[in-house]
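Pasting model26.json here (JSON, C-alpha atoms):
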```json
[["chain", "number", "residue", "atom", "x", "y", "z"],
["M", 22, "MET", "CA", -69.77, 117.99, 149.99],
["M", 23, "ILE", "CA", -70.53, 117.66, 153.71],
["M", 24, "PHE", "CA", -70.48, 113.89, 153.27],
["M", 25, "GLU", "CA", -67.01, 114.01, 151.69],
["M", 26, "GLN", "CA", -65.74, 116.13, 154.57],
["M", 27, "LEU", "CA", -67.10, 113.63, 157.10],
["M", 28, "ILE", "CA", -65.29, 110.77, 155.31],
["M", 29, "ASP", "CA", -62.12, 112.89, 155.25],
["M", 30, "ILE", "CA", -62.33, 113.57, 158.99],
["M", 31, "PHE", "CA", -63.04, 109.92, 159.77],
["M", 32, "LEU", "CA", -60.23, 108.53, 157.58],
["M", 33, "LEU", "CA", -57.68, 110.97, 159.02],
["M", 34, "ALA", "CA", -58.67, 109.96, 162.56],
["M", 35, "PHE", "CA", -58.37, 106.32, 161.52],
["M", 36, "LEU", "CA", -54.84, 106.97, 160.20],
["M", 37, "ALA", "CA", -53.86, 108.54, 163.52],
["M", 38, "VAL", "CA", -55.20, 105.51, 165.42],
["M", 39, "ILE", "CA", -53.32, 103.08, 163.12],
["M", 40, "SER", "CA", -50.06, 105.00, 163.53],
["M", 41, "ILE", "CA", -50.41, 104.87, 167.33],
["M", 42, "ALA", "CA", -51.05, 101.13, 167.08],
["M", 43, "ILE", "CA", -47.89, 100.68, 164.96],
["M", 44, "VAL", "CA", -45.83, 102.53, 167.60],
["M", 45, "ARG", "CA", -47.29, 100.54, 170.48],
["M", 46, "ILE", "CA", -47.20, 97.03, 168.99],
["M", 47, "ARG", "CA", -44.14, 94.90, 169.80],
["M", 48, "ASN", "CA", -44.73, 92.16, 167.23],
["M", 49, "VAL", "CA", -42.96, 93.25, 164.04],
["M", 50, "LEU", "CA", -45.13, 91.10, 161.72],
["M", 51, "THR", "CA", -48.26, 92.77, 163.10],
["M", 52, "ALA", "CA", -46.63, 96.17, 162.64],
["M", 53, "VAL", "CA", -45.99, 95.36, 158.96],
["M", 54, "MET", "CA", -49.61, 94.26, 158.43],
["M", 55, "LEU", "CA", -50.83, 97.44, 160.15],
["M", 56, "PHE", "CA", -48.58, 99.42, 157.82],
["M", 57, "GLY", "CA", -50.32, 97.73, 154.87],
["M", 58, "ILE", "CA", -53.69, 98.91, 156.23],
["M", 59, "TYR", "CA", -52.21, 102.37, 156.80],
["M", 60, "SER", "CA", -51.13, 102.58, 153.14],
["M", 61, "LEU", "CA", -54.54, 101.43, 151.92],
["M", 62, "VAL", "CA", -56.36, 104.03, 154.04],
["M", 63, "SER", "CA", -53.89, 106.64, 152.71],
["M", 64, "ALA", "CA", -54.82, 105.60, 149.17],
["M", 65, "SER", "CA", -58.54, 106.11, 149.92],
["M", 66, "LEU", "CA", -57.77, 109.52, 151.35],
["M", 67, "PHE", "CA", -55.76, 110.52, 148.25],
["M", 68, "MET", "CA", -58.79, 109.49, 146.16],
["M", 69, "LEU", "CA", -60.98, 111.73, 148.32],
["M", 70, "LEU", "CA", -58.60, 114.66, 147.76],
["M", 71, "ASP", "CA", -59.05, 114.31, 143.95],
["M", 72, "ALA", "CA", -55.62, 112.70, 143.42],
["M", 73, "ALA", "CA", -56.63, 109.52, 141.56],
["M", 74, "ASP", "CA", -53.17, 108.83, 140.07],
["M", 75, "VAL", "CA", -51.51, 109.20, 143.45],
["M", 76, "ALA", "CA", -54.18, 106.96, 145.01],
["M", 77, "PHE", "CA", -53.59, 104.01, 142.74],
["M", 78, "THR", "CA", -49.82, 104.38, 142.88],
["M", 79, "GLU", "CA", -49.99, 104.39, 146.68],
["M", 80, "ALA", "CA", -52.34, 101.36, 146.67],
["M", 81, "ALA", "CA", -50.11, 99.38, 144.28],
["M", 82, "VAL", "CA", -46.66, 100.50, 145.42],
["M", 83, "GLY", "CA", -47.18, 101.57, 149.04],
["M", 84, "ALA", "CA", -49.69, 98.96, 150.19],
["M", 85, "GLY", "CA", -48.55, 96.26, 147.75],
["M", 86, "ILE", "CA", -44.82, 96.28, 147.00],
["M", 87, "SER", "CA", -43.63, 97.87, 150.28],
["M", 88, "THR", "CA", -45.58, 95.37, 152.37],
["M", 89, "ILE", "CA", -44.34, 92.43, 150.29],
["M", 90, "LEU", "CA", -40.72, 93.66, 150.57],
["M", 91, "MET", "CA", -41.08, 93.98, 154.35],
["M", 92, "LEU", "CA", -42.67, 90.53, 154.67],
["M", 93, "ALA", "CA", -39.90, 89.01, 152.54],
["M", 94, "THR", "CA", -37.31, 90.68, 154.79],
["M", 95, "LEU", "CA", -39.05, 89.35, 157.89],
["M", 96, "SER", "CA", -38.98, 85.83, 156.44],
["M", 97, "LEU", "CA", -35.18, 86.19, 156.08],
["M", 98, "VAL", "CA", -34.34, 87.93, 159.38],
["M", 99, "GLY", "CA", -36.91, 86.09, 161.50],
["M", 100, "ARG", "CA", -39.83, 87.78, 163.18],
["M", 101, "ASP", "CA", -38.68, 88.12, 166.73],
["M", 102, "ASN", "CA", -40.63, 90.62, 168.75],
["M", 103, "GLU", "CA", -39.07, 94.00, 169.22],
["M", 104, "LYS", "CA", -37.27, 94.12, 172.53],
["M", 105, "PRO", "CA", -38.40, 96.81, 174.95],
["M", 106, "LEU", "CA", -35.94, 99.67, 175.13],
["M", 107, "VAL", "CA", -33.44, 99.55, 177.95],
["M", 108, "LYS", "CA", -34.69, 101.99, 180.58],
["M", 109, "LYS", "CA", -32.27, 104.86, 180.69],
["M", 110, "LYS", "CA", -32.48, 108.52, 181.57],
["M", 111, "ILE", "CA", -32.16, 109.18, 177.86],
["M", 112, "SER", "CA", -35.44, 107.37, 177.00],
["M", 113, "PHE", "CA", -37.43, 110.61, 177.44],
["M", 114, "LEU", "CA", -35.28, 112.39, 174.88],
["M", 115, "PRO", "CA", -37.08, 111.14, 171.71],
["M", 116, "LEU", "CA", -40.48, 112.12, 173.15],
["M", 117, "ILE", "CA", -39.23, 115.61, 174.03],
["M", 118, "ILE", "CA", -37.67, 116.10, 170.59],
["M", 119, "VAL", "CA", -40.89, 114.96, 168.89],
["M", 120, "LEU", "CA", -43.14, 117.16, 171.08],
["M", 121, "VAL", "CA", -41.00, 120.27, 170.55],
["M", 122, "THR", "CA", -40.79, 119.72, 166.78],
["M", 123, "GLY", "CA", -44.54, 119.04, 166.64],
["M", 124, "ALA", "CA", -45.35, 122.20, 168.63],
["M", 125, "THR", "CA", -43.17, 124.26, 166.25],
["M", 126, "LEU", "CA", -44.96, 122.80, 163.22],
["M", 127, "VAL", "CA", -48.41, 123.44, 164.78],
["M", 128, "TYR", "CA", -47.34, 127.06, 165.30],
["M", 129, "GLY", "CA", -46.43, 127.07, 161.60],
["M", 130, "ILE", "CA", -49.83, 125.94, 160.29],
["M", 131, "VAL", "CA", -51.48, 129.13, 161.54],
["M", 132, "ASP", "CA", -49.90, 131.04, 158.65],
["M", 133, "LEU", "CA", -50.83, 128.54, 155.94],
["M", 134, "PRO", "CA", -53.25, 129.73, 153.23],
["M", 135, "PRO", "CA", -56.87, 128.49, 153.63],
["M", 136, "PHE", "CA", -57.39, 124.81, 152.83],
["M", 137, "GLY", "CA", -59.01, 124.16, 149.44],
["M", 138, "ALA", "CA", -59.21, 127.79, 148.26],
["M", 139, "ALA", "CA", -58.80, 128.25, 144.51],
["M", 140, "ASP", "CA", -56.59, 131.37, 144.80],
["M", 141, "ASN", "CA", -53.88, 129.87, 147.02],
["M", 142, "PRO", "CA", -50.29, 130.69, 145.96],
["M", 143, "ALA", "CA", -49.73, 127.03, 145.03],
["M", 144, "GLN", "CA", -52.62, 127.24, 142.55],
["M", 145, "THR", "CA", -51.61, 130.44, 140.75],
["M", 146, "HIS", "CA", -48.02, 129.93, 139.56],
["M", 147, "VAL", "CA", -47.48, 127.23, 136.89],
["M", 148, "ALA", "CA", -50.57, 125.10, 137.47],
["M", 149, "PRO", "CA", -52.86, 127.25, 135.21],
["M", 150, "ARG", "CA", -50.39, 126.80, 132.35],
["M", 151, "TYR", "CA", -50.52, 123.01, 132.78],
["M", 152, "ILE", "CA", -54.31, 123.01, 133.05],
["M", 153, "PHE", "CA", -55.21, 125.36, 130.20],
["M", 154, "GLN", "CA", -52.39, 124.82, 127.68],
["M", 155, "SER", "CA", -51.58, 121.12, 127.95],
["M", 156, "MET", "CA", -54.49, 120.03, 125.74],
["M", 157, "SER", "CA", -53.18, 122.15, 122.84],
["M", 158, "GLU", "CA", -49.49, 121.51, 123.60],
["M", 159, "ILE", "CA", -49.38, 117.83, 124.62],
["M", 160, "ASP", "CA", -52.89, 116.55, 123.78],
["M", 161, "VAL", "CA", -53.17, 114.07, 126.64],
["M", 162, "PRO", "CA", -56.47, 114.30, 128.58],
["M", 163, "ASN", "CA", -54.88, 113.22, 131.86],
["M", 164, "LEU", "CA", -53.06, 116.35, 133.02],
["M", 165, "VAL", "CA", -50.91, 114.40, 135.49],
["M", 166, "THR", "CA", -49.57, 112.22, 132.67],
["M", 167, "ALA", "CA", -48.89, 115.29, 130.52],
["M", 168, "VAL", "CA", -46.88, 116.97, 133.30],
["M", 169, "LEU", "CA", -45.11, 113.77, 134.36],
["M", 170, "ALA", "CA", -43.97, 112.60, 130.93],
["M", 171, "SER", "CA", -43.54, 115.86, 129.07],
["M", 172, "TYR", "CA", -43.27, 119.11, 131.06],
["M", 173, "ARG", "CA", -41.27, 117.50, 133.85],
["M", 174, "GLY", "CA", -39.76, 114.63, 131.85],
["M", 175, "PHE", "CA", -36.30, 115.25, 133.31],
["M", 176, "ASP", "CA", -37.77, 114.72, 136.79],
["M", 177, "THR", "CA", -39.04, 111.33, 135.70],
["M", 178, "LEU", "CA", -35.64, 110.53, 134.17],
["M", 179, "GLY", "CA", -34.08, 111.36, 137.55],
["M", 180, "GLU", "CA", -36.61, 109.09, 139.24],
["M", 181, "VAL", "CA", -35.63, 106.24, 136.92],
["M", 182, "VAL", "CA", -31.95, 106.86, 137.75],
["M", 183, "VAL", "CA", -32.79, 106.66, 141.47],
["M", 184, "ILE", "CA", -34.65, 103.36, 141.01],
["M", 185, "PHE", "CA", -31.76, 102.00, 138.92],
["M", 186, "THR", "CA", -29.26, 102.98, 141.61],
["M", 187, "ALA", "CA", -31.41, 101.43, 144.32],
["M", 188, "GLY", "CA", -31.75, 98.25, 142.27],
["M", 189, "ILE", "CA", -27.97, 98.01, 141.85],
["M", 190, "GLY", "CA", -27.54, 98.69, 145.58],
["M", 191, "VAL", "CA", -29.93, 95.91, 146.55],
["M", 192, "LEU", "CA", -28.26, 93.50, 144.10],
["M", 193, "LEU", "CA", -24.80, 94.31, 145.50],
["M", 194, "LEU", "CA", -26.03, 93.90, 149.09],
["M", 195, "ILE", "CA", -28.00, 90.67, 148.69],
["M", 196, "GLY", "CA", -26.82, 89.23, 145.36],
["M", 197, "GLY", "CA", -23.17, 88.87, 146.48],
["M", 198, "ARG", "CA", -24.22, 86.74, 149.44],
["M", 199, "ARG", "CA", -25.65, 83.98, 147.21],
["M", 200, "ARG", "CA", -22.36, 83.66, 145.35],
["M", 201, "GLU", "CA", -20.40, 83.33, 148.61],
["M", 202, "GLU", "CA", -22.77, 80.58, 149.75],
["M", 203, "GLU", "CA", -22.27, 78.75, 146.45],
["M", 204, "ASN", "CA", -18.49, 79.05, 146.81],
["M", 205, "THR", "CA", -18.55, 77.60, 150.32],
["M", 206, "ASP", "CA", -20.73, 74.74, 149.07],
["M", 207, "GLU", "CA", -18.08, 73.82, 146.55],
["I", 19, "MET", "CA", -58.52, 128.82, 158.17],
["I", 20, "SER", "CA", -61.52, 126.48, 158.14],
["I", 21, "GLY", "CA", -61.92, 123.72, 160.70],
["I", 22, "LEU", "CA", -61.39, 121.00, 158.10],
["I", 23, "GLY", "CA", -58.06, 122.50, 157.05],
["I", 24, "ILE", "CA", -56.83, 122.74, 160.63],
["I", 25, "TRP", "CA", -57.89, 119.13, 161.25],
["I", 26, "ASN", "CA", -56.07, 118.01, 158.08],
["I", 27, "TYR", "CA", -52.82, 119.77, 158.97],
["I", 28, "LEU", "CA", -52.97, 118.72, 162.64],
["I", 29, "ILE", "CA", -53.29, 115.04, 161.68],
["I", 30, "ILE", "CA", -50.48, 115.45, 159.12],
["I", 31, "ILE", "CA", -48.19, 116.84, 161.83],
["I", 32, "PHE", "CA", -49.30, 114.12, 164.22],
["I", 33, "LEU", "CA", -48.44, 111.39, 161.67],
["I", 34, "MET", "CA", -45.14, 113.09, 160.90],
["I", 35, "MET", "CA", -44.19, 113.14, 164.57],
["I", 36, "THR", "CA", -45.30, 109.52, 165.10],
["I", 37, "GLY", "CA", -43.04, 108.49, 162.22],
["I", 38, "LEU", "CA", -40.15, 110.54, 163.60],
["I", 39, "TYR", "CA", -40.66, 109.04, 167.08],
["I", 40, "MET", "CA", -40.60, 105.53, 165.58],
["I", 41, "VAL", "CA", -37.38, 106.27, 163.67],
["I", 42, "ILE", "CA", -35.68, 107.61, 166.81],
["I", 43, "SER", "CA", -36.93, 105.21, 169.49],
["I", 44, "SER", "CA", -37.70, 101.84, 167.85],
["I", 45, "SER", "CA", -34.92, 99.36, 168.41],
["I", 46, "ASN", "CA", -35.95, 97.00, 165.58],
["I", 47, "LEU", "CA", -34.53, 98.08, 162.20],
["I", 48, "VAL", "CA", -37.59, 96.94, 160.19],
["I", 49, "LYS", "CA", -39.81, 98.97, 162.50],
["I", 50, "LYS", "CA", -37.58, 101.99, 162.01],
["I", 51, "LEU", "CA", -38.19, 101.65, 158.26],
["I", 52, "ILE", "CA", -41.95, 101.47, 158.86],
["I", 53, "GLY", "CA", -41.60, 104.71, 160.82],
["I", 54, "LEU", "CA", -39.72, 106.28, 157.91],
["I", 55, "ASN", "CA", -42.57, 105.27, 155.59],
["I", 56, "VAL", "CA", -45.21, 106.72, 157.93],
["I", 57, "PHE", "CA", -43.24, 109.99, 157.96],
["I", 58, "GLN", "CA", -43.06, 109.99, 154.15],
["I", 59, "THR", "CA", -46.79, 109.39, 153.77],
["I", 60, "SER", "CA", -47.55, 112.37, 155.99],
["I", 61, "VAL", "CA", -45.44, 114.56, 153.69],
["I", 62, "PHE", "CA", -47.42, 113.19, 150.72],
["I", 63, "PHE", "CA", -50.64, 114.24, 152.48],
["I", 64, "MET", "CA", -49.27, 117.71, 153.03],
["I", 65, "TYR", "CA", -48.51, 118.17, 149.32],
["I", 66, "ILE", "CA", -51.86, 116.75, 148.18],
["I", 67, "SER", "CA", -53.66, 119.00, 150.70],
["I", 68, "PHE", "CA", -51.86, 122.03, 149.25],
["I", 69, "GLY", "CA", -52.96, 121.06, 145.73],
["I", 70, "TYR", "CA", -56.58, 120.33, 146.68],
["I", 71, "ILE", "CA", -59.30, 122.77, 145.60],
["I", 72, "SER", "CA", -62.67, 122.23, 147.25],
["I", 73, "GLY", "CA", -65.30, 121.79, 144.55],
["I", 74, "GLY", "CA", -62.61, 121.16, 141.95],
["I", 75, "ALA", "CA", -62.36, 118.01, 139.84],
["I", 76, "GLY", "CA", -59.49, 115.59, 139.55],
["I", 77, "PRO", "CA", -56.93, 116.71, 136.94],
["I", 78, "VAL", "CA", -58.36, 114.83, 133.95],
["I", 79, "PHE", "CA", -59.46, 117.07, 131.08],
["I", 80, "ASN", "CA", -63.19, 117.38, 130.60],
["I", 81, "GLU", "CA", -65.01, 120.01, 128.55],
["I", 82, "ASN", "CA", -67.69, 120.54, 131.21],
["I", 83, "VAL", "CA", -65.23, 121.17, 134.05],
["I", 84, "GLU", "CA", -63.78, 124.59, 134.86],
["I", 85, "LEU", "CA", -61.93, 123.98, 138.14],
["I", 86, "TYR", "CA", -59.22, 121.31, 138.50],
["I", 87, "SER", "CA", -57.01, 120.34, 141.40],
["I", 88, "ASN", "CA", -53.34, 121.18, 140.97],
["I", 89, "PRO", "CA", -51.69, 118.47, 138.80],
["I", 90, "LEU", "CA", -48.16, 119.55, 139.76],
["I", 91, "THR", "CA", -48.40, 118.36, 143.38],
["I", 92, "HIS", "CA", -49.77, 115.02, 142.18],
["I", 93, "VAL", "CA", -46.80, 114.56, 139.83],
["I", 94, "LEU", "CA", -44.28, 115.40, 142.56],
["I", 95, "ILE", "CA", -45.88, 112.90, 144.94],
["I", 96, "LEU", "CA", -46.04, 110.17, 142.28],
["I", 97, "THR", "CA", -42.27, 110.51, 141.91],
["I", 98, "ALA", "CA", -41.81, 110.62, 145.70],
["I", 99, "ILE", "CA", -43.82, 107.42, 146.29],
["I", 100, "VAL", "CA", -41.67, 105.43, 143.86],
["I", 101, "VAL", "CA", -38.42, 106.88, 145.22],
["I", 102, "GLY", "CA", -39.67, 106.06, 148.75],
["I", 103, "VAL", "CA", -40.09, 102.41, 147.84],
["I", 104, "ALA", "CA", -36.58, 102.37, 146.34],
["I", 105, "THR", "CA", -35.04, 103.71, 149.57],
["I", 106, "THR", "CA", -37.12, 101.26, 151.64],
["I", 107, "ALA", "CA", -35.81, 98.37, 149.52],
["I", 108, "VAL", "CA", -32.19, 99.44, 150.08],
["I", 109, "GLY", "CA", -32.85, 99.82, 153.82],
["I", 110, "LEU", "CA", -34.40, 96.35, 154.03],
["I", 111, "ALA", "CA", -31.48, 94.82, 152.08],
["I", 112, "LEU", "CA", -29.09, 96.49, 154.55],
["I", 113, "SER", "CA", -30.99, 95.04, 157.51],
["I", 114, "ILE", "CA", -30.79, 91.56, 155.91],
["I", 115, "ARG", "CA", -27.00, 91.95, 155.64],
["I", 116, "ILE", "CA", -26.79, 93.21, 159.24],
["I", 117, "LYS", "CA", -28.76, 90.16, 160.40],
["I", 118, "GLU", "CA", -26.31, 87.88, 158.55],
["I", 119, "SER", "CA", -23.20, 89.58, 159.92],
["I", 120, "PHE", "CA", -24.33, 90.24, 163.51],
["I", 121, "GLY", "CA", -27.17, 87.77, 164.04],
["I", 122, "THR", "CA", -29.62, 90.45, 165.17],
["I", 123, "ILE", "CA", -31.44, 93.53, 163.93],
["I", 124, "GLU", "CA", -32.09, 94.98, 167.40],
["I", 125, "GLU", "CA", -30.27, 98.27, 167.74],
["I", 126, "ASP", "CA", -29.44, 97.83, 171.45],
["I", 127, "ASP", "CA", -27.73, 94.48, 170.82],
["I", 128, "LEU", "CA", -25.83, 95.95, 167.87],
["I", 129, "HIS", "CA", -24.57, 98.81, 170.03],
["I", 130, "LYS", "CA", -23.41, 96.34, 172.70],
["I", 131, "MET", "CA", -21.49, 94.30, 170.08],
["I", 132, "ASP", "CA", -20.04, 97.47, 168.63],
["I", 133, "SER", "CA", -18.68, 98.64, 172.01],
["I", 134, "SER", "CA", -17.35, 95.18, 172.97],
["I", 135, "LEU", "CA", -15.22, 94.94, 169.82]]
```
Now, as a test, write the supplied structure out as structure tokens.
Amino acid sequence: MIFEQLIDIFLLAFLAVISIAIVRIRNVLTAVMLFGIYSLVSASLFMLLDAADVAFTEAAVGAGISTILMLATLSLVGRDNEKPLVKKKISFLPLIIVLVTGATLVYGIVDLPPFGAADNPAQTHVAPRYIFQSMSEIDVPNLVTAVLASYRGFDTLGEVVVIFTAGIGVLLLIGGRRREEENTDE
Amino acid sequence: MSGLGIWNYLIIIFLMMTGLYMVISSSNLVKKLIGLNVFQTSVFFMYISFGYISGGAGPVFNENVELYSNPLTHVLILTAIVVGVATTAVGLALSIRIKESFGTIEEDDLHKMDSSL
């Protein structure tokens, strides 16, 4: 138990360091590779927090597909380094916004229920129904699958609609370009 | 709240704010999208932390286990991860089109072109 907590603390600190590195680095290709590492460390952390399904989705989709999409984009738009921001009076504004928002959120965590307690409000509403009834109602040992495909099936349908819409959007944005190029060739 | 919980939530807020800072202040559009993804991942951590029960098992049915983590948060985040990739793909496609039309994906240059039109 203590060992798990140490790994948790270490991985979270590692994530913070990686995110700082992504902000600081000017080379966009390096930033994308660092983001791949970030996703992989996130996946390990999800595993540590007992969320196996989330962990392998994040490893496959977050670290895999996202990184590949970004690399493919970089191969099309060129990987010029990010230009340093033009020094203006306004350049302090993002930092101030972020610090104020962060301070507000830190004030908010004081009222959160204790981390990992079994009687937290999040644990006592519908989760017991899913945990204790799904074996007799759905008969799938993996509770996440039972909730995803059956209890909240409409959610998953909505997700599929979103992916479909995004696919059509990408096709309209990039697919039309190919046709124009072919027309100009003729 | 225990020290581990405070550490968890502090890092989550830190990641969230790093992502927000990248979205606001990066001038490269691809880097802005990386910032958006970092922000999203921190929200995923927040949900999974809410669903975590210390000493509980992962939500796979087993006759010897009494205490499971909350499967509902895991389901919500599974959906969110996939939707996140879909939005990232649309954003990247947009930046490819912007590069073709304007020849750059640096926000400062785009603003200059916009005001010179």
Starting from the point (-46.8, 105.3, 162.1), work out which residues of protein, DNA or RNA have an atom no more than 10 Å away when counting all atoms listed in the file; state them as a CSV table (one decimal) with C-alpha atoms, in the coordinates of the input.
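What ended up in out05.csv:
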```
chain,number,residue,atom,x,y,z
M,36,LEU,CA,-54.8,107.0,160.2
M,37,ALA,CA,-53.9,108.5,163.5
M,38,VAL,CA,-55.2,105.5,165.4
M,39,ILE,CA,-53.3,103.1,163.1
M,40,SER,CA,-50.1,105.0,163.5
M,41,ILE,CA,-50.4,104.9,167.3
M,42,ALA,CA,-51.0,101.1,167.1
M,43,ILE,CA,-47.9,100.7,165.0
M,44,VAL,CA,-45.8,102.5,167.6
M,45,ARG,CA,-47.3,100.5,170.5
M,52,ALA,CA,-46.6,96.2,162.6
M,55,LEU,CA,-50.8,97.4,160.2
M,56,PHE,CA,-48.6,99.4,157.8
M,59,TYR,CA,-52.2,102.4,156.8
I,32,PHE,CA,-49.3,114.1,164.2
I,33,LEU,CA,-48.4,111.4,161.7
I,34,MET,CA,-45.1,113.1,160.9
I,35,MET,CA,-44.2,113.1,164.6
I,36,THR,CA,-45.3,109.5,165.1
I,37,GLY,CA,-43.0,108.5,162.2
I,38,LEU,CA,-40.2,110.5,163.6
I,39,TYR,CA,-40.7,109.0,167.1
I,40,MET,CA,-40.6,105.5,165.6
I,41,VAL,CA,-37.4,106.3,163.7
I,49,LYS,CA,-39.8,99.0,162.5
I,50,LYS,CA,-37.6,102.0,162.0
I,52,ILE,CA,-42.0,101.5,158.9
I,53,GLY,CA,-41.6,104.7,160.8
I,54,LEU,CA,-39.7,106.3,157.9
I,55,ASN,CA,-42.6,105.3,155.6
I,56,VAL,CA,-45.2,106.7,157.9
I,57,PHE,CA,-43.2,110.0,158.0
I,58,GLN,CA,-43.1,110.0,154.2
I,59,THR,CA,-46.8,109.4,153.8
I,60,SER,CA,-47.6,112.4,156.0
```
- Go through I:Asn46, I:Asn88, I:Thr106, I:Ser72 one by one, measure the shortest atom-to-atom distance of each to I:Asp126 using all atoms listed in the file, and give the residue with the smallest value.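 Checking each of I:Asn46, I:Asn88, I:Thr106, I:Ser72 against I:Asp126, counting all atoms listed in the file, the winner is I:Asn46.
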- Message: Please determine, counting all atoms listed in the file, which residue among I:Val93, I:Val101, I:Met131, I:Ile123 has the shortest atom-to-atom distance to M:Ala187.
- Response: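 Answer, going by the shortest atom-to-atom distance: I:Val101.
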- Task: Pick out the closest residue to chain M from this set: I:Ser133, I:Thr105, I:Ser119, I:Asn82. Count all atoms listed in the file.
- Result: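 For chain M, the nearest of the candidates is I:Thr105.
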Near chain M, 6 Å: chain I residue rows, closest pairs, all atoms listed in the file, as JSON lines:
```
{"residue": "I:Met19", "atom": "CA", "partner": "M:Pro135", "partner_atom": "CA", "distance": 4.8}
{"residue": "I:Gly23", "atom": "CA", "partner": "M:Phe136", "partner_atom": "CA", "distance": 4.9}
{"residue": "I:Met35", "atom": "CA", "partner": "M:Val119", "partner_atom": "CA", "distance": 5.7}
{"residue": "I:Asn46", "atom": "CA", "partner": "M:Glu103", "partner_atom": "CA", "distance": 5.7}
{"residue": "I:Tyr70", "atom": "CA", "partner": "M:Gly137", "partner_atom": "CA", "distance": 5.3}
{"residue": "I:Ile71", "atom": "CA", "partner": "M:Gly137", "partner_atom": "CA", "distance": 4.1}
{"residue": "I:Ser72", "atom": "CA", "partner": "M:Gly137", "partner_atom": "CA", "distance": 4.7}
{"residue": "I:Gly76", "atom": "CA", "partner": "M:Asp71", "partner_atom": "CA", "distance": 4.6}
{"residue": "I:Pro77", "atom": "CA", "partner": "M:Leu164", "partner_atom": "CA", "distance": 5.5}
{"residue": "I:Val78", "atom": "CA", "partner": "M:Asn163", "partner_atom": "CA", "distance": 4.4}
{"residue": "I:Phe79", "atom": "CA", "partner": "M:Pro162", "partner_atom": "CA", "distance": 4.8}
{"residue": "I:Asn88", "atom": "CA", "partner": "M:Ala148", "partner_atom": "CA", "distance": 5.9}
{"residue": "I:Pro89", "atom": "CA", "partner": "M:Val165", "partner_atom": "CA", "distance": 5.3}
{"residue": "I:Val93", "atom": "CA", "partner": "M:Leu169", "partner_atom": "CA", "distance": 5.8}
{"residue": "I:Leu96", "atom": "CA", "partner": "M:Val75", "partner_atom": "CA", "distance": 5.7}
{"residue": "I:Ala104", "atom": "CA", "partner": "M:Ala187", "partner_atom": "CA", "distance": 5.6}
{"residue": "I:Val108", "atom": "CA", "partner": "M:Val191", "partner_atom": "CA", "distance": 5.5}
{"residue": "I:Ala111", "atom": "CA", "partner": "M:Val191", "partner_atom": "CA", "distance": 5.8}
```
- Item | Straight-line distance linking atom CA of I:Met64 with atom CA of I:Ile30, stated in Å to one decimal |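 Going from atom CA of I:Met64 over to atom CA of I:Ile30, I get 6.6 Å.
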- Closest to I:Ile116 among I:Ser43, I:Leu128, I:Ile31, I:Ile66, using all atoms listed in the file?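 Nearest candidate to I:Ile116 out of I:Ser43, I:Leu128, I:Ile31, I:Ile66: I:Leu128.
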- Which value, in Å to one decimal, gives the distance between atom CA of I:Val61 and atom CA of I:Glu125?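 Distance reported for this atom pair: 26.3 Å.
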- State, in Å with one decimal place, the distance from atom CA of M:Arg150 to atom CA of I:Phe63.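 One can read the atom CA of M:Arg150 to atom CA of I:Phe63 distance as 23.7 Å.
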- Which residue out of I:Ile99, I:Ile29, I:Ala75, I:Leu90 has the minimum interatomic distance to M:Ala84 when only C-alpha atoms are used? I:Ile99
Taking all atoms of stretch 32-50 of chain I that the file lists, what box with edges along x, y and z, padded by 6 Å per side, do you get, with centre and edge lengths in Å to one decimal, as lines of an AutoDock Vina configuration file?
```
center_x = -41.9
center_y = 105.5
center_z = 164.8
size_x = 26.8
size_y = 29.2
size_z = 21.3
```
- Item | Residue nearest I:Ile95 - candidates I:Gly21, I:Ser44, I:Ser67, I:His129, atoms counted: all atoms listed in the file |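 Closest to I:Ile95 of all the choices is I:Ser67.
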